[in-house]
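Student: Dropping a structure here in structure tokens format, bear with me for questions.
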Amino acid sequence: MVALATKLFDLIPAPVAAVLMLGGFIFYALGCVRLGYGAAVKPLVLDLIERAEQEIQGTKRGAERKAWVTKVLRAALNNSKYGRFISWAITDETIGAVIQFFFDRAKVALSKE
């Protein structure tokens, strides 16, 4: 059994294994940041969606409301303590997806009432 484990570990050279481990850690950290980002900003996003509904009145203005919420979230991210360090990893498409996710959930919740 020990011989089998030794042969398996000898297949990958140590520097390659270190690079693979570092790459895995980086992808893991980015995934945690993106998942945590979505969960941490839920109250803020829902509040901004509500404010956009009140401030930008009129029909067929959903894209304008979404752009406003995206702009405010990007500014909040850039002004936060640690947000400046991870803002490069969070694209506007990601922010748009987070907004759309919470908007859809709020819409479903309101339709059930």
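Labels used: A, B, ... for chains in the order of the structure tokens, numbers from 1 for residues in each chain, and numbers from 1 for ligands as shown.
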Residues of chain A classed as alpha helix (DSSP H) by DSSP on the backbone are to be reported as JSON, numbers by chain.
Tutor: {"A": [2, 3, 4, 5, 6, 7, 8, 9, 10, 14, 15, 16, 17, 18, 19, 20, 21, 22, 23, 24, 25, 26, 27, 28, 29, 30, 31, 32, 33, 34, 35, 36, 37, 38, 39, 40, 42, 43, 44, 45, 46, 47, 48, 49, 50, 51, 52, 53, 54, 55, 62, 63, 64, 65, 66, 67, 68, 69, 70, 71, 72, 73, 74, 75, 76, 77, 78, 79, 83, 84, 85, 86, 92, 93, 94, 95, 96, 97, 98, 99, 100, 101, 102, 103, 104, 105, 106, 107, 108, 109, 110, 111, 112]}
Student: Looking at A:Lys112, A:Lys7, A:Lys42, A:Arg61, which one is nearest to Ile99 (chain A), with distances taken over only C-alpha atoms?
Tutor: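 The answer is A:Lys42, which sits nearest to Ile99 (chain A).
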Student: Between CA of Ala52 (chain A) and CA of Val69 (chain A), measure the distance and give it in Å to one decimal.
Tutor: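 Computing it gives 7.0 Å between the two atoms.
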Student: Which of these residues is nearest to Pro43 (chain A), using only C-alpha atoms: A:Ser80, A:Gly62, A:Leu73, A:Glu93?
Tutor: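 Nearest candidate to Pro43 (chain A) out of A:Ser80, A:Gly62, A:Leu73, A:Glu93: A:Leu73.
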Student: Rank nothing, just name the residue among A:Ala63, A:Ile95, A:Ile56, A:Leu35 nearest to Ala75 (chain A), using only C-alpha atoms.
Tutor: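 Result for the nearest residue to Ala75 (chain A): A:Ile95.
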Student: Looking at only C-alpha atoms, which of A:Phe9, A:Trp88, A:Phe102, A:Phe25 is the one that sits closest to Leu48 (chain A)?
Tutor: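 Closest to Leu48 (chain A), using only C-alpha atoms: A:Phe102.
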Student: From the set A:Ile49, A:Ala109, A:Leu4, A:Leu30, which residue has the shortest atom-to-atom contact distance to Ala89 (chain A), counting only C-alpha atoms?
Tutor: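 The answer is A:Leu30, which sits nearest to Ala89 (chain A).
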Student: Can you work out which one of A:Ile26, A:Leu77, A:Met21, A:Ala3 has the shortest atom-to-atom distance to Thr91 (chain A), counting only C-alpha atoms?
Tutor: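 Under the stated criterion, the closest residue is A:Leu77.
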Student: Within 9 Å of Ser87 (chain A), counting only C-alpha atoms, which residues show up once you throw out same-chain ones fewer than 3 positions away? Write them as a PyMOL selection string, please.
Tutor: chain A and resi 74+77-78+82-84+90-91
Student: Take the residues from that selection and write them out as a short mmCIF file (atom, residue, chain, number, x, y, z; two decimals), in the first residue's frame, keeping N, CA and C atoms.
Tutor:
```cif
data_model
loop_
_atom_site.label_atom_id
_atom_site.label_comp_id
_atom_site.auth_asym_id
_atom_site.auth_seq_id
_atom_site.Cartn_x
_atom_site.Cartn_y
_atom_site.Cartn_z
N ARG A 74 -21.36 49.39 -7.36
CA ARG A 74 -19.94 49.50 -7.72
C ARG A 74 -19.27 50.57 -6.86
N LEU A 77 -18.82 49.21 -3.38
CA LEU A 77 -17.73 48.23 -3.35
C LEU A 77 -16.37 48.93 -3.35
N ASN A 78 -16.23 49.94 -4.19
CA ASN A 78 -14.95 50.65 -4.26
C ASN A 78 -14.66 51.47 -3.01
N TYR A 82 -12.50 46.55 2.40
CA TYR A 82 -11.80 45.49 1.67
C TYR A 82 -12.25 45.37 0.22
N GLY A 83 -13.28 46.10 -0.14
CA GLY A 83 -13.82 46.01 -1.50
C GLY A 83 -12.84 46.44 -2.56
N ARG A 84 -11.98 47.38 -2.25
CA ARG A 84 -10.99 47.85 -3.23
C ARG A 84 -10.05 46.72 -3.65
N ILE A 90 -14.76 41.25 -9.30
CA ILE A 90 -16.22 41.33 -9.39
C ILE A 90 -16.57 42.27 -10.55
N THR A 91 -17.00 41.68 -11.63
CA THR A 91 -17.31 42.45 -12.83
C THR A 91 -18.71 43.04 -12.76
#
```
Student: Any idea what the distance is between CA of Glu53 (chain A) and CA of Arg65 (chain A)?
Tutor: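 It comes out at 7.1 Å.
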Student: Considering only C-alpha atoms, return as a PyMOL selection string whatever protein or nucleic-acid residues lie within 12 Å of Ala97 (chain A), sequence-local ones (same chain, fewer than 3 positions apart) excluded.
Tutor: chain A and resi 34+37-38+45+66-67+69-70+90-94+100-104
Student: One decimal, in Å: what's the spacing between CA of Gly23 (chain A) and CA of Ala76 (chain A)?
Tutor: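 A separation of 29.1 Å between them.
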